[in-house]
Amino acid sequence: MMIGSESETVEFKTTTGEKKEAAEAISAMLNKHCRGTLYFGVDDNGFVKGQMVTDSTRKDVSRTIHELIEPRISPTIEEIVLEGKTIIKVSFSGHNRPYSCGGKYFSRYGTENRKMTTDELKRLLLHSDYSSKWEEGLTSHSLDSLDDEALYDFYVSAKECGRLEMSSFDKGKLLASLDLLQDGIVKNGCYALFGKNAKIGLKLAKYATENKVTFTDLKLVSGNIYNLIGVAVRYILDNIHWRPEIGSRKRVDVPEIPERAIREMVVNAFAHSDYEDLPEIEIGIHPGKIEIYNPGSFPDDLTPYDFIERNLPSYKRNPLILDILFRSKDVEKAGTGFQRMNELCNESGVSWSFRKEGYGFFFEFLRQNGKADVHVNAPLSDNEQIVLNLIHANPEVTKAHIAIRIDKSPRSVQRIVNSLIAKKAIERVGSNKTGHWQVCA
């Protein structure tokens, strides 16, 4: 009899003679997914071989796990009989990562357990502080409570971009393969992504000014993440300016902000939101900016510039949700969203800004009609106008960050800044280290 196949959360061992290797697999699965299942008496291909099981056998397995794995966990150890053959099922979970086995740290890569490098361990420690455990929790919803149309659309998208191998659509098998179920029960992350009556909130608003006092349009919608991403992107595209470009054969309408850059930041807001308390993502259309609010904190000591300049790995608040968005190509590669957005904006001459608040993260695309209103002695070049926009949006921006933003060398940025100062467009207030820029009115 065959009971399945190994995965990132399932491991098979032929006998309890492999207790040490089993403990390594348990620690690896805990470090990667905070849970897993291990079977003794089953070969690598999933065929039940069975073994002799006594009370001493169960105690020996429990003792080995207790002695080798730190921090301590409390696994469930069951004796199961299948077609007359006895196997042991070990179920476990824990959120106190990282877990060591005999003083060593492992992580799960497919069906392999690999020893973690020092850098991987450091990242896990940082991510454990930032990541949410909410998405792994279980709901009371059945498979019938999920949006079949959204699931099928995801299936087609993931298949087309080569990030899902499944010959035909089968809802149960699809969800199980994506780790969206546990023992057939829908996880919180699954329902947030695809639930028919999910209550993820989205506020869509157009404002008459740069503040939020007077709005000209306001919509409050709720639903699942998969559908709301499309709603948010479409609302922005429907409410920004488009310009015609005439090619050799036909006219092409081009948005003032690249559509891919918009999608990157919308997906970022949904992927990294804090879903513990039914959050509300916000899209604000202002005359001079497009604001996207993510009700989830940004890593305390980092900014988007760090991800652009230092090529940092993604800090995954919701790894399960992020994996689904990656498979449907809403996310190209974890940790590169700000880099791609910045490249797209540079190509289109679009400026952006951000701010971190105690209760969330705000990202802003600066619109072309949101340029600083200044009087200069001579016309500004395109690069000068972009730098002026950056300084107007963030008076404390450094020349190093400007160089990253416009993809120019520090020396080129210095020349642009000197030109803006000579044209009386900007001036420096205070020292180079502690001062700030001021746009001249």
# chains A, B, ... in the order shown; residues from 1 in each chain; ligands from 1
call {"tool": "residues_around", "arguments": {"residues": "stretch 50-63 of chain A", "least_positions_apart": "5", "cutoff": "7 Å", "atoms": "only C-alpha atoms", "output": "PyMOL selection string"}}
result
chain A and resi 15+19+41-42+85-87
call {"tool": "residues_around", "arguments": {"residues": "A:Gly430", "least_positions_apart": "5", "cutoff": "12 Å", "atoms": "only C-alpha atoms", "output": "PyMOL selection string"}}
result
chain A and resi 395-396+435-438
call {"tool": "write_last_selection", "arguments": {"atoms": "C-alpha atoms", "output": "short mmCIF file (atom, residue, chain, number, x, y, z; two decimals), in the first residue's frame"}}
result
data_model
loop_
_atom_site.label_atom_id
_atom_site.label_comp_id
_atom_site.auth_asym_id
_atom_site.auth_seq_id
_atom_site.Cartn_x
_atom_site.Cartn_y
_atom_site.Cartn_z
CA PRO A 395 14.00 66.78 1.86
CA GLU A 396 16.29 64.41 3.81
CA GLY A 435 21.02 68.99 7.36
CA HIS A 436 18.30 68.77 4.72
CA TRP A 437 17.35 70.08 1.31
CA GLN A 438 14.95 72.93 0.74
#
call {"tool": "residues_around", "arguments": {"residues": "A:Ile290", "least_positions_apart": "5", "cutoff": "12 Å", "atoms": "only C-alpha atoms", "output": "PyMOL selection string"}}
result
chain A and resi 204-207+209-211+232-233+235-237+239-241+256-257+261-262+265-266+282-285+350-354+362-370
call {"tool": "residues_around", "arguments": {"residues": "A:Leu151", "least_positions_apart": "2", "cutoff": "9 Å", "atoms": "only C-alpha atoms", "output": "PyMOL selection string"}}
result
chain A and resi 146-149+153-156+171+174+194+226
call {"tool": "write_last_selection", "arguments": {"atoms": "N, CA and C atoms", "output": "mmCIF file, in the first residue's frame"}}
result
data_model
loop_
_atom_site.group_PDB
_atom_site.id
_atom_site.type_symbol
_atom_site.label_atom_id
_atom_site.label_comp_id
_atom_site.auth_asym_id
_atom_site.auth_seq_id
_atom_site.Cartn_x
_atom_site.Cartn_y
_atom_site.Cartn_z
ATOM 1 N N LEU A 146 -14.518 27.960 -0.699
ATOM 2 C CA LEU A 146 -13.499 28.638 -1.498
ATOM 3 C C LEU A 146 -14.029 29.010 -2.876
ATOM 4 N N ASP A 147 -13.462 30.063 -3.434
ATOM 5 C CA ASP A 147 -13.877 30.608 -4.728
ATOM 6 C C ASP A 147 -13.261 29.763 -5.850
ATOM 7 N N ASP A 148 -14.057 28.882 -6.432
ATOM 8 C CA ASP A 148 -13.555 27.972 -7.464
ATOM 9 C C ASP A 148 -13.045 28.726 -8.694
ATOM 10 N N GLU A 149 -13.711 29.818 -9.032
ATOM 11 C CA GLU A 149 -13.298 30.588 -10.214
ATOM 12 C C GLU A 149 -11.913 31.193 -10.004
ATOM 13 N N ASP A 153 -8.496 30.194 -12.007
ATOM 14 C CA ASP A 153 -7.709 31.239 -12.656
ATOM 15 C C ASP A 153 -6.256 31.169 -12.186
ATOM 16 N N PHE A 154 -6.067 30.946 -10.873
ATOM 17 C CA PHE A 154 -4.712 30.782 -10.337
ATOM 18 C C PHE A 154 -4.039 29.571 -10.969
ATOM 19 N N TYR A 155 -4.762 28.463 -11.048
ATOM 20 C CA TYR A 155 -4.220 27.228 -11.624
ATOM 21 C C TYR A 155 -3.718 27.467 -13.049
ATOM 22 N N VAL A 156 -4.534 28.127 -13.865
ATOM 23 C CA VAL A 156 -4.154 28.397 -15.253
ATOM 24 C C VAL A 156 -2.926 29.305 -15.311
ATOM 25 N N LYS A 171 -9.280 20.603 -7.265
ATOM 26 C CA LYS A 171 -9.186 21.569 -6.166
ATOM 27 C C LYS A 171 -8.485 20.999 -4.946
ATOM 28 N N LEU A 174 -4.796 20.323 -5.623
ATOM 29 C CA LEU A 174 -4.097 21.592 -5.813
ATOM 30 C C LEU A 174 -3.782 22.231 -4.462
ATOM 31 N N PHE A 194 -8.355 32.809 -1.109
ATOM 32 C CA PHE A 194 -9.372 32.312 -2.038
ATOM 33 C C PHE A 194 -10.773 32.178 -1.449
ATOM 34 N N TYR A 226 -6.627 37.277 -3.732
ATOM 35 C CA TYR A 226 -6.395 37.026 -5.150
ATOM 36 C C TYR A 226 -7.223 37.960 -6.028
#
call {"tool": "closest_residue", "arguments": {"among": "A:Asn113, A:Pro379, A:Thr64, A:Lys250", "to": "A:Glu18", "atoms": "only C-alpha atoms"}}
result
A:Thr64
call {"tool": "atom_distance", "arguments": {"atom1": "atom CA of A:Gly84", "atom2": "atom CA of A:Leu38"}}
result
19.7 Å
call {"tool": "closest_residue", "arguments": {"among": "A:Pro304, A:Gly172, A:Gly201, A:Pro299", "to": "A:Asn227", "atoms": "only C-alpha atoms"}}
result
A:Gly201
call {"tool": "atom_distance", "arguments": {"atom1": "atom CA of A:Phe361", "atom2": "atom CA of A:Ser297"}}
result
6.0 Å
call {"tool": "select_by_dssp", "arguments": {"residues": "stretch 201-337 of chain A", "states": "alpha helix (DSSP H)", "output": "MDAnalysis selection string"}}
result
chainID A and resid 225:238 259:271 304:309 319:327 337
call {"tool": "atom_distance", "arguments": {"atom1": "atom CA of A:Ile421", "atom2": "atom CA of A:Glu343"}}
result
26.6 Å
call {"tool": "residues_around", "arguments": {"residues": "A:Lys424", "least_positions_apart": "2", "cutoff": "7 Å", "atoms": "only C-alpha atoms", "output": "JSON, numbers by chain"}}
result
{"A": [376, 420, 421, 422, 426, 440]}
call {"tool": "decode", "arguments": {"residues": "stretch 30-55 of chain A", "atoms": "N, CA, C and O atoms", "output": "mmCIF file, in the first residue's frame"}}
result
data_model
loop_
_atom_site.group_PDB
_atom_site.id
_atom_site.type_symbol
_atom_site.label_atom_id
_atom_site.label_comp_id
_atom_site.auth_asym_id
_atom_site.auth_seq_id
_atom_site.Cartn_x
_atom_site.Cartn_y
_atom_site.Cartn_z
ATOM 1 N N LEU A 30 10.370 22.141 10.880
ATOM 2 C CA LEU A 30 9.957 23.192 11.812
ATOM 3 C C LEU A 30 10.572 24.527 11.417
ATOM 4 O O LEU A 30 9.903 25.575 11.454
ATOM 5 N N ASN A 31 11.839 24.518 11.022
ATOM 6 C CA ASN A 31 12.497 25.763 10.643
ATOM 7 C C ASN A 31 11.951 26.344 9.352
ATOM 8 O O ASN A 31 11.952 27.564 9.159
ATOM 9 N N LYS A 32 11.461 25.473 8.467
ATOM 10 C CA LYS A 32 10.945 25.954 7.177
ATOM 11 C C LYS A 32 9.448 26.257 7.236
ATOM 12 O O LYS A 32 8.989 27.279 6.716
ATOM 13 N N HIS A 33 8.659 25.361 7.887
ATOM 14 C CA HIS A 33 7.205 25.489 7.818
ATOM 15 C C HIS A 33 6.504 25.507 9.175
ATOM 16 O O HIS A 33 5.277 25.596 9.225
ATOM 17 N N CYS A 34 7.268 25.379 10.260
ATOM 18 C CA CYS A 34 6.705 25.385 11.624
ATOM 19 C C CYS A 34 5.827 24.160 11.913
ATOM 20 O O CYS A 34 5.111 24.144 12.917
ATOM 21 N N ARG A 35 5.867 23.151 11.077
ATOM 22 C CA ARG A 35 5.050 21.959 11.306
ATOM 23 C C ARG A 35 5.478 20.868 10.337
ATOM 24 O O ARG A 35 6.253 21.113 9.388
ATOM 25 N N GLY A 36 4.956 19.658 10.544
ATOM 26 C CA GLY A 36 5.229 18.572 9.619
ATOM 27 C C GLY A 36 4.731 17.243 10.161
ATOM 28 O O GLY A 36 4.201 17.156 11.277
ATOM 29 N N THR A 37 4.896 16.189 9.347
ATOM 30 C CA THR A 37 4.504 14.830 9.726
ATOM 31 C C THR A 37 5.594 13.872 9.287
ATOM 32 O O THR A 37 6.118 13.983 8.166
ATOM 33 N N LEU A 38 5.922 12.932 10.167
ATOM 34 C CA LEU A 38 6.952 11.945 9.851
ATOM 35 C C LEU A 38 6.410 10.546 10.148
ATOM 36 O O LEU A 38 5.743 10.339 11.167
ATOM 37 N N TYR A 39 6.694 9.608 9.253
ATOM 38 C CA TYR A 39 6.217 8.231 9.411
ATOM 39 C C TYR A 39 7.406 7.274 9.515
ATOM 40 O O TYR A 39 8.348 7.347 8.709
ATOM 41 N N PHE A 40 7.356 6.378 10.480
ATOM 42 C CA PHE A 40 8.286 5.256 10.560
ATOM 43 C C PHE A 40 7.565 4.012 10.031
ATOM 44 O O PHE A 40 6.401 3.778 10.357
ATOM 45 N N GLY A 41 8.269 3.212 9.213
ATOM 46 C CA GLY A 41 7.665 2.012 8.650
ATOM 47 C C GLY A 41 7.195 2.220 7.225
ATOM 48 O O GLY A 41 6.428 1.410 6.685
ATOM 49 N N VAL A 42 7.668 3.298 6.585
ATOM 50 C CA VAL A 42 7.292 3.617 5.203
ATOM 51 C C VAL A 42 8.579 3.930 4.435
ATOM 52 O O VAL A 42 9.437 4.672 4.926
ATOM 53 N N ASP A 43 8.733 3.376 3.228
ATOM 54 C CA ASP A 43 9.965 3.636 2.485
ATOM 55 C C ASP A 43 9.908 4.971 1.764
ATOM 56 O O ASP A 43 8.881 5.668 1.775
ATOM 57 N N ASP A 44 11.015 5.346 1.123
ATOM 58 C CA ASP A 44 11.136 6.676 0.500
ATOM 59 C C ASP A 44 10.095 6.919 -0.588
ATOM 60 O O ASP A 44 9.764 8.076 -0.894
ATOM 61 N N ASN A 45 9.579 5.846 -1.181
ATOM 62 C CA ASN A 45 8.592 5.981 -2.252
ATOM 63 C C ASN A 45 7.156 6.015 -1.741
ATOM 64 O O ASN A 45 6.213 6.108 -2.527
ATOM 65 N N GLY A 46 6.993 5.922 -0.414
ATOM 66 C CA GLY A 46 5.656 6.001 0.156
ATOM 67 C C GLY A 46 4.966 4.668 0.350
ATOM 68 O O GLY A 46 3.782 4.637 0.709
ATOM 69 N N PHE A 47 5.679 3.560 0.130
ATOM 70 C CA PHE A 47 5.070 2.241 0.310
ATOM 71 C C PHE A 47 5.185 1.794 1.772
ATOM 72 O O PHE A 47 6.263 1.884 2.380
ATOM 73 N N VAL A 48 4.079 1.326 2.329
ATOM 74 C CA VAL A 48 4.052 0.878 3.719
ATOM 75 C C VAL A 48 4.784 -0.454 3.851
ATOM 76 O O VAL A 48 4.419 -1.451 3.214
ATOM 77 N N LYS A 49 5.822 -0.464 4.682
ATOM 78 C CA LYS A 49 6.580 -1.690 4.943
ATOM 79 C C LYS A 49 6.215 -2.271 6.303
ATOM 80 O O LYS A 49 6.225 -3.490 6.491
ATOM 81 N N GLY A 50 5.881 -1.386 7.251
ATOM 82 C CA GLY A 50 5.542 -1.829 8.582
ATOM 83 C C GLY A 50 6.764 -2.160 9.418
ATOM 84 O O GLY A 50 7.870 -2.353 8.882
ATOM 85 N N GLN A 51 6.585 -2.220 10.742
ATOM 86 C CA GLN A 51 7.662 -2.622 11.635
ATOM 87 C C GLN A 51 7.064 -3.031 12.978
ATOM 88 O O GLN A 51 5.892 -2.758 13.266
ATOM 89 N N MET A 52 7.860 -3.661 13.801
ATOM 90 C CA MET A 52 7.423 -4.039 15.133
ATOM 91 C C MET A 52 7.327 -2.787 16.004
ATOM 92 O O MET A 52 8.263 -2.000 16.067
ATOM 93 N N VAL A 53 6.174 -2.593 16.642
ATOM 94 C CA VAL A 53 5.964 -1.418 17.489
ATOM 95 C C VAL A 53 5.508 -1.875 18.866
ATOM 96 O O VAL A 53 4.515 -2.600 19.006
ATOM 97 N N THR A 54 6.252 -1.461 19.887
ATOM 98 C CA THR A 54 5.882 -1.739 21.277
ATOM 99 C C THR A 54 5.823 -0.422 22.036
ATOM 100 O O THR A 54 6.152 0.647 21.494
ATOM 101 N N ASP A 55 5.421 -0.513 23.296
ATOM 102 C CA ASP A 55 5.404 0.697 24.127
ATOM 103 C C ASP A 55 6.807 1.262 24.243
ATOM 104 O O ASP A 55 7.005 2.482 24.246
#
